[in-house]
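Heads up, the thing below is written out as structure tokens.
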Amino acid sequence: MASPREPEPPSETRRSSDAAAYWRANTRLIAVLLLIWATVSYGCGILFIEWLNRFSIGQLPLGFWFAQQGSIYVFVVLIFVYAFAMDRLDRRYGVEE
Amino acid sequence: MSALASLPVQASGMDPTMMWTSIFVGVTFTVYLYIGWRNRVTETRGFYVAGRGVPAIANGAATAADWMSAASFISMAGLISFMGSDGSIYLMGWTGGYVLLALLLAPYLRKFGKYTVPDFVGERYYSETARVVAAVCAIFVSLTYVVGQMKGVGIVFSRFLEIDMWQGVVVGMVIVAFFAVVGGMKGITWTQVAQYGVLIVAFLIPAIAISAELTGHAIPHIGLTASDIAQKLNAIQTDLGFAKYTEPFASKSRADVLAITFALMVGTAGLPHVIVRFYTVKSVRAARYSAGWALLFIAILYTTAPALAVFARYNLLDSLHEAEITSVETIEIEGEASELYHLARPDGAGGSTPIEWATNWQRTGLISFHDVNGDGRIQLDNVDGHFAEATIDRDIIVLSTPEVARLAPWVIALVAAGGLAAALSTAAGLLLVISSSFAHDLYIHFVDPDATEAQRVRVGRIMIVLAIIVTGWFAIHPPGFVAQVVAFAFGLAAASFFPVILLGIFDSRTNREGAISGMIVGLAFTASYILGNKWDIMFAIERPADWVAPWFARPWFFKISPEGIGTFGCLLNFIVTFTVSRLTPPPPAEIRRFVEDLRVPRAAE
């Protein structure tokens with residue numbers, strides 16, 4: 001991969017600032033997804049479960065549904081959303097394998 | 001091969017369930033052995049990380065089989081069934097960790113690209129001490145875990161094939177030894193893919209059947225949500241004097257539910273046998289998708305289990321409460337005389353239908369009745385949190401479902417094969433971690449760093465055999481504390497590996513001093529809390545009554561149970577690691593470059 005004629009200082013710094021931007025975008029995405037992760041599990045499934053239980057989904061109390069069904073569905077979706085979003089991010093910053 | 005050889009002898013003159021069980025166990029074991037043989041390896045890369053050639057979806061299935069143990073398969077639905085709403089601690093706790101793994105750990109550890117978790121800890125923290133601490137933790141966590149798996153194999157064998165438990169353990173050991181020794185991680189991975197198939201089919205068929213029977217919906221998730229089954233269960237629970245099934249915090253406080261859920265999630269993400277699975281995929285990208293597939297495959301069982309828990313509990317209460325006792329005979333269970341109740345359900349038109357599954361399962365000792373008030377009927381009212389006239393083991397929820405739903409004997413046999421698949425796949429993954437920690441992290445690294453490829457693989461194989469023998473011995477002669485050690489495994493993983501690996505990736509300022517002190521403080525705090533709460537149970541010592549002074553009343557710390565203390569061990573580890581790192585010299589420049597390189601999927605030029 002190493003090309004002998006191109007180790008110019010500007011491209012080197014651009015590359016490292018690119019890497020920093022890539023990492024910032026990645027950590028921002030992680031923060032958003034983990035916020036959703038915590039909201040459905042600790043929020044809907046535990047902290048606000050009684051309040052949500054006043055509503056129902058089908059014939060099941062909503063808080064109970066989040067605690068034993070919904071949160072798990074959301075977890076699966078979150079991981080695939082992250083994988084898709086990172087594919088795009090990798091391509092945009094040209095760091096894909 | 002030994003399982004096969006003994007089949008014809010066992011198959012003669014037995015009931016259809018046992019015949020089918022023998023056939024299923026024989027066929028699935030042959031398949032596992034064949035896959036192990038097809039994937040035999042000769043190199044370190046193949047032995048420890050399956051040559052890094054496992055496709056994302058296959059690794060997902062293997063991770064799911066690795067993760068879902070005999071306990072997930074046999075005991076979890078029953079546990080939830082008896083806990084009601086608070087059973088969510090296991091459902092969310094044992095799935096939510098995969099989000100942490102996928103977002104925070106797996107891609108970066110794959111980029112790191114060595115063989116074990118102690119490899120990462122040792123290299124990132126430029127410290128042999130850190131490597132040894134990590135290796136010892138990995139061995140301890142995995143060993144405590146695997147003993148339960150081997151015991152699970154023995155239980156399934158003894159229950160379904162009526163052979164002694166120790167014989168079952170030995171058969172399980174031989175099978176695991178074969179495909180793990182010959183195939184290493186590669187053999188284990190592809191066997192686990194097959195085992196996932198067996199265990200998920202075995203779990204779903206009875207669940208679908210009972211859902212169709214009780215709710216009219218074939219898909220259990222829809223049956224649970226769309227039908228009025230939960231409301232009917234709530235009504236029965238209230239009638240019998242129990243809390244409503246969907247009522248939260250009936251058995252645990254909100255703080256405890258929070259702490260346990262978090263500890264299990266973080267512990268999941270920190271368990272070495274789960275983490276190393278992500279070393280086996282082709283790329284960083286594959287590691288991300290692989291975590292998604294793994295959780296999807298796990299979620300199929302984990303979202304079915306709570307539905308099964310509701311159906312089975314409803315059926316149990318509905319059919320057994322006020323059941324008529326038609327006759328009582330005396331039988332021998334495990335050498336003791338017990339009463340066997342023949343029960344029947346009045347059909348309202350003067351006749352009655354016998355409840356055959358209840359009769360069958362009394363023979364195993366998992367369920368027993370006692371007509372305390374002598375009225376010729378069984379009452380299940382709440383008396384101090386127990387059923388008035390029945391003792392019911394939680395495991396019966398999954399094990400008896402096929403009979404309760406009146407399914408064919410081959411389905412019951414399939415459940416046995418599924419339980420064995422769950423136990424064997426988890427055991428194999430754990431044994432590989434134990435062997436790699438000894439062979440790769442300790443022996444090769446410190447004793448014989450110049451070993452050739454062939455020698456490295458040979459040491460790994462010898463270690464697997466030794467680990468299997470030690471595990472088998474513990475499974476047949478379990479120390480008293482085995483049942484208590486799950487709290488340990490998750491607590492220690494949460495308090496040691498997770499914070500140190502996470503900070504190692506996301507905070508390049510974290511240094512050797514911080515990581516080592518964080519691990520030690522986190523481990524010491526967590527271990528001493530669990531020991532302090534459970535020492536009498538673990539070592540079978542009687543706790544003096546006068547110890548139950550206010551400050552010794554268990555559990556001590558904000559009434560957090562030992563299962564949840566990993567949450568605080570983990571936070572403590574974070575705080576200590578972060579603070580000590582800032583007060584001591586920064587890591588060397590090459591470590592900062594190492595961290596920068598971890599963060600980018602493409603290999604450095």
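Each chain of the structure tokens is named A, B, ... in the order shown, its residues numbered from 1; ligands are numbered from 1 in display order.
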Inset, instruction - Up to 8 Å from chain B, what residues of chain A turn up? Count only C-alpha atoms and give them as a ChimeraX atom specification. - result: /A:1-2,19,23,30,37,41-42,45-47,49-50,57-61,64-65,67-69,71-73,75-80,82-83,87,90,95-97
Export, as a tab-separated table (two decimals), in the first residue's frame, the selected residues with N, CA and C atoms.
chain	number	residue	atom	x	y	z
A	1	MET	N	0.83	-1.20	0.00
A	1	MET	CA	0.00	0.00	0.00
A	1	MET	C	0.86	1.26	0.00
A	2	ALA	N	1.98	1.22	0.73
A	2	ALA	CA	2.79	2.43	0.88
A	2	ALA	C	3.32	2.91	-0.46
A	19	ALA	N	-8.90	11.36	10.62
A	19	ALA	CA	-9.07	10.29	11.59
A	19	ALA	C	-9.80	10.80	12.82
A	23	TRP	N	-13.46	9.62	14.10
A	23	TRP	CA	-13.67	9.13	15.47
A	23	TRP	C	-14.77	9.92	16.16
A	30	ILE	N	-22.42	6.46	18.47
A	30	ILE	CA	-22.50	5.53	19.60
A	30	ILE	C	-23.32	6.14	20.74
A	37	TRP	N	-30.73	2.88	23.72
A	37	TRP	CA	-30.56	1.62	24.44
A	37	TRP	C	-30.97	1.77	25.91
A	41	SER	N	-34.51	0.21	27.81
A	41	SER	CA	-34.33	-0.81	28.85
A	41	SER	C	-34.52	-0.22	30.25
A	42	TYR	N	-33.65	0.70	30.62
A	42	TYR	CA	-33.74	1.25	31.98
A	42	TYR	C	-34.93	2.19	32.12
A	45	GLY	N	-38.39	-0.10	30.55
A	45	GLY	CA	-38.51	-1.41	31.17
A	45	GLY	C	-38.44	-1.39	32.68
A	46	ILE	N	-37.87	-0.32	33.29
A	46	ILE	CA	-37.70	-0.33	34.75
A	46	ILE	C	-38.23	0.94	35.41
A	47	LEU	N	-37.68	2.11	35.01
A	47	LEU	CA	-38.00	3.33	35.76
A	47	LEU	C	-39.45	3.77	35.55
A	49	ILE	N	-41.91	1.85	34.27
A	49	ILE	CA	-42.71	0.68	33.90
A	49	ILE	C	-44.15	0.78	34.43
A	50	GLU	N	-44.31	1.30	35.66
A	50	GLU	CA	-45.68	1.37	36.20
A	50	GLU	C	-46.54	2.33	35.39
A	57	ILE	N	-50.45	-2.76	24.85
A	57	ILE	CA	-50.17	-3.10	23.46
A	57	ILE	C	-50.84	-4.45	23.26
A	58	GLY	N	-51.77	-4.53	22.33
A	58	GLY	CA	-52.62	-5.71	22.26
A	58	GLY	C	-53.38	-5.80	23.58
A	59	GLN	N	-53.22	-6.91	24.30
A	59	GLN	CA	-53.87	-7.00	25.61
A	59	GLN	C	-52.82	-7.09	26.73
A	60	LEU	N	-51.61	-6.68	26.41
A	60	LEU	CA	-50.53	-6.78	27.39
A	60	LEU	C	-50.17	-5.38	27.90
A	61	PRO	N	-49.90	-5.23	29.21
A	61	PRO	CA	-49.49	-3.91	29.71
A	61	PRO	C	-48.20	-3.47	29.00
A	64	PHE	N	-44.69	-3.84	30.82
A	64	PHE	CA	-44.33	-5.26	30.86
A	64	PHE	C	-43.82	-5.70	29.48
A	65	TRP	N	-44.50	-5.23	28.43
A	65	TRP	CA	-44.08	-5.60	27.07
A	65	TRP	C	-42.67	-5.09	26.78
A	67	ALA	N	-40.33	-4.47	28.97
A	67	ALA	CA	-39.37	-5.16	29.81
A	67	ALA	C	-39.07	-6.57	29.29
A	68	GLN	N	-40.07	-7.25	28.70
A	68	GLN	CA	-39.85	-8.65	28.34
A	68	GLN	C	-39.84	-8.91	26.84
A	69	GLN	N	-40.20	-7.93	26.02
A	69	GLN	CA	-40.20	-8.14	24.58
A	69	GLN	C	-39.56	-6.97	23.84
A	71	SER	N	-37.82	-4.21	24.46
A	71	SER	CA	-36.44	-3.76	24.60
A	71	SER	C	-35.50	-4.66	23.80
A	72	ILE	N	-35.78	-5.96	23.77
A	72	ILE	CA	-34.90	-6.89	23.06
A	72	ILE	C	-34.98	-6.64	21.55
A	73	TYR	N	-36.21	-6.39	21.04
A	73	TYR	CA	-36.32	-6.06	19.61
A	73	TYR	C	-35.49	-4.82	19.30
A	75	PHE	N	-32.89	-3.65	20.85
A	75	PHE	CA	-31.44	-3.95	20.91
A	75	PHE	C	-30.95	-4.48	19.56
A	76	VAL	N	-31.71	-5.43	19.00
A	76	VAL	CA	-31.29	-6.03	17.72
A	76	VAL	C	-31.22	-4.96	16.64
A	77	VAL	N	-32.26	-4.12	16.57
A	77	VAL	CA	-32.29	-3.07	15.55
A	77	VAL	C	-31.11	-2.12	15.73
A	78	LEU	N	-30.81	-1.75	16.98
A	78	LEU	CA	-29.72	-0.80	17.25
A	78	LEU	C	-28.39	-1.30	16.67
A	79	ILE	N	-28.10	-2.59	16.86
A	79	ILE	CA	-26.81	-3.10	16.39
A	79	ILE	C	-26.75	-3.04	14.87
A	80	PHE	N	-27.84	-3.42	14.20
A	80	PHE	CA	-27.80	-3.38	12.73
A	80	PHE	C	-27.75	-1.93	12.22
A	82	TYR	N	-26.26	0.49	13.70
A	82	TYR	CA	-24.86	0.89	13.88
A	82	TYR	C	-23.98	0.33	12.76
A	83	ALA	N	-24.19	-0.97	12.44
A	83	ALA	CA	-23.37	-1.59	11.40
A	83	ALA	C	-23.59	-0.90	10.04
A	87	ASP	N	-20.84	1.45	7.98
A	87	ASP	CA	-20.45	1.18	6.60
A	87	ASP	C	-20.37	2.49	5.82
A	90	ASP	N	-17.43	4.62	7.18
A	90	ASP	CA	-16.14	4.08	6.72
A	90	ASP	C	-15.86	4.52	5.29
A	95	VAL	N	-11.91	4.71	5.08
A	95	VAL	CA	-11.14	3.85	5.98
A	95	VAL	C	-11.64	2.41	5.93
A	96	GLU	N	-12.52	2.08	4.95
A	96	GLU	CA	-13.03	0.71	4.90
A	96	GLU	C	-11.90	-0.25	4.55
A	97	GLU	N	-12.10	-1.52	4.98
A	97	GLU	CA	-11.03	-2.51	4.80
A	97	GLU	C	-10.92	-2.94	3.35
Inset, instruction - Identify all residues of chain A in alpha helix (DSSP H) (DSSP on the backbone) and supply them as a PyMOL selection string. - result: chain A and resi 9-38+49-52+62-65+71-92
Inset, instruction - With a distance cut-off of 7 Å and only C-alpha atoms, select the neighbouring residues of segment 149-160 of chain B, excluding the residue or stretch itself and same-chain residues fewer than 4 positions from it, and output the selection as an NGL selection string. - result: :B and (18 or 69-70 or 145 or 164-166 or 168-169 or 172 or 416 or 419-420 or 423 or 427 or 472 or 475)
Inset, instruction - Do a neighbour search on Asp239 of chain B at 12 Å with only C-alpha atoms, toss out local chain neighbours closer than 6 positions, and write the hits as a PyMOL selection string. - result: chain B and resi 232-233+245+317-318+321+379-382
Inset, instruction - Pick out the closest residue to Leu33 of chain A from this set: A:Leu52, A:Leu62, A:Ala20, A:Val81. Count only C-alpha atoms. - result: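 Going through A:Leu52, A:Leu62, A:Ala20, A:Val81 one by one, the smallest distance to Leu33 of chain A is for A:Val81.
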Inset, instruction - Write down as number ranges by chain the residues belonging to segment 10-70 of chain A that are assigned strand (DSSP E) by DSSP computed on the backbone. - result: A: 56-57, 60-61
Legend entry - Nearest residue to Leu271 of chain B from the set B:Phe497, B:Phe24, B:Phe574, B:Phe474 (distances using only C-alpha atoms): B:Phe497
Legend entry - d(atom CA of Phe120 of chain B, atom CA of Leu502 of chain B) in Å: 11.3 Å
Inset, instruction - Can you work out the spacing between atom CA of Ile74 of chain B and atom CA of Ala405 of chain B in Å, to one decimal? - result: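 Going from atom CA of Ile74 of chain B over to atom CA of Ala405 of chain B covers 16.9 Å.
Computed from the coordinates, the atom CA of Ala25 of chain A to atom CA of Ala85 of chain A distance equals 10.3 Å.
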Legend entry - Residues near Phe203 of chain B, cut-off 8 Å, only C-alpha atoms, skip fewer than 3 positions along chain, as a PyMOL selection string: chain B and resi 73+199-200+206-207+301+415+418
Keeping N, CA and C atoms, export the residues of the selection given above as a compact mmCIF listing (two decimals), in the first residue's frame.
# COMPACT_ATOMS: atom_id res chain seq x y z
N PHE B 73 -31.51 -22.56 28.20
CA PHE B 73 -32.44 -23.44 27.50
C PHE B 73 -33.45 -24.05 28.45
N LEU B 199 -30.81 -26.51 18.89
CA LEU B 199 -31.42 -26.00 20.12
C LEU B 199 -32.58 -25.07 19.84
N ILE B 200 -32.50 -24.29 18.75
CA ILE B 200 -33.59 -23.33 18.51
C ILE B 200 -34.84 -24.06 18.02
N PRO B 206 -42.14 -26.88 20.80
CA PRO B 206 -43.10 -26.95 21.91
C PRO B 206 -43.74 -25.59 22.21
N ALA B 207 -42.97 -24.51 22.08
CA ALA B 207 -43.51 -23.19 22.38
C ALA B 207 -44.63 -22.84 21.41
N LEU B 301 -34.81 -16.92 20.89
CA LEU B 301 -35.11 -17.70 22.09
C LEU B 301 -35.54 -16.79 23.25
N VAL B 415 -36.33 -32.03 22.59
CA VAL B 415 -35.99 -31.11 23.68
C VAL B 415 -34.73 -31.59 24.40
N GLY B 418 -31.88 -30.76 22.28
CA GLY B 418 -31.66 -29.31 22.34
C GLY B 418 -30.93 -28.90 23.61
Legend entry - For Leu571 of chain B: contacts at 9 Å, only C-alpha atoms, fewer than 3 positions along chain excluded, given as a PyMOL selection string: chain B and resi 495+499+522+566-568+574-576
Output N, CA and C atoms for every residue in that selection, as a short mmCIF file (atom, residue, chain, number, x, y, z; two decimals), in the first residue's frame.
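And here is the file that came out, out29.cif:
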data_model
loop_
_atom_site.label_atom_id
_atom_site.label_comp_id
_atom_site.auth_asym_id
_atom_site.auth_seq_id
_atom_site.Cartn_x
_atom_site.Cartn_y
_atom_site.Cartn_z
N ALA B 495 -16.66 -6.19 36.64
CA ALA B 495 -15.79 -5.35 37.45
C ALA B 495 -14.35 -5.35 36.97
N PRO B 499 -14.51 -2.45 32.03
CA PRO B 499 -14.00 -1.08 32.12
C PRO B 499 -12.60 -0.95 31.51
N GLY B 522 -11.74 -3.09 41.59
CA GLY B 522 -13.04 -3.59 41.15
C GLY B 522 -13.26 -5.04 41.55
N GLY B 566 -21.91 -6.26 40.70
CA GLY B 566 -20.99 -5.99 39.61
C GLY B 566 -21.15 -4.58 39.06
N THR B 567 -22.37 -4.05 39.12
CA THR B 567 -22.63 -2.68 38.68
C THR B 567 -21.72 -1.70 39.42
N PHE B 568 -21.64 -1.87 40.73
CA PHE B 568 -20.85 -0.94 41.52
C PHE B 568 -19.36 -1.23 41.40
N PHE B 574 -14.06 1.99 36.88
CA PHE B 574 -13.96 3.15 35.99
C PHE B 574 -13.34 4.35 36.71
N ILE B 575 -13.87 4.64 37.91
CA ILE B 575 -13.41 5.83 38.63
C ILE B 575 -11.93 5.70 38.99
N VAL B 576 -11.55 4.53 39.52
CA VAL B 576 -10.17 4.34 39.95
C VAL B 576 -9.22 4.39 38.74
#
Inset, instruction - Might you pull out every residue within 7 Å of Ser81 of chain B, with only C-alpha atoms counted and same-chain residues fewer than 4 positions away left off, and present them as JSON, numbers by chain? - result: {"B": [77, 309, 310, 313]}
